[in-house]
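Contents: one structure, followed by commentary.
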Amino acid sequence: MMMAAALATSIRADDWPQFLGPHRDGVSAETDVKAWGPGGPKIVWSRDAGPGFAGPVVVGQRLILFHRVGAEEVVECLEAQSGKPIWKQNYTTAFEDDFGKGDGPRATPTIAGGKVVTYGADGWLHAFDLASGRKLWGRNVVKDYDVPGSFFGVGSSPLVVGDRVLVNVGGRNAGIVAFALDSGKELWKATSDGASYSSPALTSVNGATYAVFFTRNGVAIVDATSGAVRFQMRWRARIDASVNAATPLILGDSVFFSTSYDTGALMLKLRKDGADKLWDTDELMTNHYNTSIHKDSHLYGFHGRQEPGASFRCVDLKTQKVCWDQPRFGCASMILAGDKLILLTERGELLLVEATPTAYRELARAQGFTSGPCRAQIALANGRLYARDQKKLSCFEVK
């Protein structure tokens, strides 16, 4: 029997505790999101934020904002209902993006077990107490494991499984490393796979908990408890100037992977001792960095490179056919709420789109932000949407 594995800490269904939500699939427990007018959804509160592509996360009435302010990476805990500050931690960073894509943190924090785990752009991995903000530990894993330089710094969000933090570090004989959640001590390490910008997902296979990584090299499936490698497969672009960034999607007993750069999509079927390739294609869905969303055997996602303008499409996984396609739509972060998709485009537009394979049906559109690019993942918790650009974080009423 296989099923999606839940977080080790107790969370409510309407929390948004990590990248892509409770199950790292972009699906919210909310079902009654309403359409908004030309002015957009009601703004509950808004506050200044520094540069970065790390999305907000919410547990209960606490929201974590991870951003860059001057020469520091800053972790702030705010009241989710008001935006008022609760605590703040900061540390010096010297990170500079060689390609001018921004110097803020890229990896969305993870809240689990009463702790906040952050992974900064230059490799600082930290854990803080959610209630008090007290720093529990911190270590620069890029330096600790002598990780080669990457194109855009660190961008893979940590995965917390029980009492351990799993990270695609990218070092030699330390491609994937598990750290103790309470101390930061190394528990195990596996593979020599380079670090990607994809965040790992979690599943269970006949009672065993597996972490599924899409590394720079390709697929790596490891036992989350022991670190034993259950399956590896080289699957990446032929050119070096490329990235793997979309998170693997757990679809029952299968896993969907997607990337751009003339590589495409891959579907694997999981088994207890490994995995089998079902199919791969470059014609169906090639996610550059946004993860697709699954609903009723259909995928909704962005096909093609970000630079020329990816198309937004719906594909049927059973027939491997394109149901509809909106050309040159561009990239966007996305959440599924019931039968509706909430989108924040790179240009700062907020959209509400019906999740149907019949046709592209736009229900609402408004300009939400003006200081893009907007690449941080949006969050939906307790009927409120939390989103950011490069200068502010806003809370919208969408229920």
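Going by the structure tokens order, chains are called A, B, ..., each with residues numbered from 1, while ligands are numbered from 1 in the order shown.
For A:Gly372, the set of protein, DNA and RNA residues having any atom at most 12 Å away, when counting only C-alpha atoms and skipping those fewer than 5 positions along the same chain, is Gly50, Pro51, Gly52, Phe53, Lys101, Gly102, Ala332, Leu344, Thr345, Glu346, Arg347, Gly348, Glu349, Gln367, Ala387, Arg388, Asp389, Gln390, Lys391 and Lys392 of chain A.
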message: I need the residues of stretch 55-281 of chain A that end up classed as strand (DSSP E or B) by DSSP on the backbone, written out as number ranges by chain.
response: A: 57-59, 62-69, 72-79, 85-92, 110-112, 115-119, 124-129, 135-140, 159-161, 164-167, 171, 174, 176-180, 186-190, 201-205, 208-214, 218-223, 229-234, 249-251, 254-259, 264-271, 274-281
query: Given the choices A:Ala190, A:Gly113, A:Val27, A:Lys42, which gets closest to A:Ser226 if the distance is worked out from only C-alpha atoms?
result: A:Ala190
message: Quick one: residues within 8 Å of stretch 269-283 of chain A, only C-alpha atoms, excluding same-chain residues fewer than 5 positions away - as JSON, numbers by chain?
response: {"A": [205, 206, 208, 221, 230, 231, 253, 254, 255, 262, 263, 264]}
field: Best match for closeness to A:Leu317 among A:Val169, A:Gly138, A:Ser297, A:Cys331, counting only C-alpha atoms
entry: A:Ser297
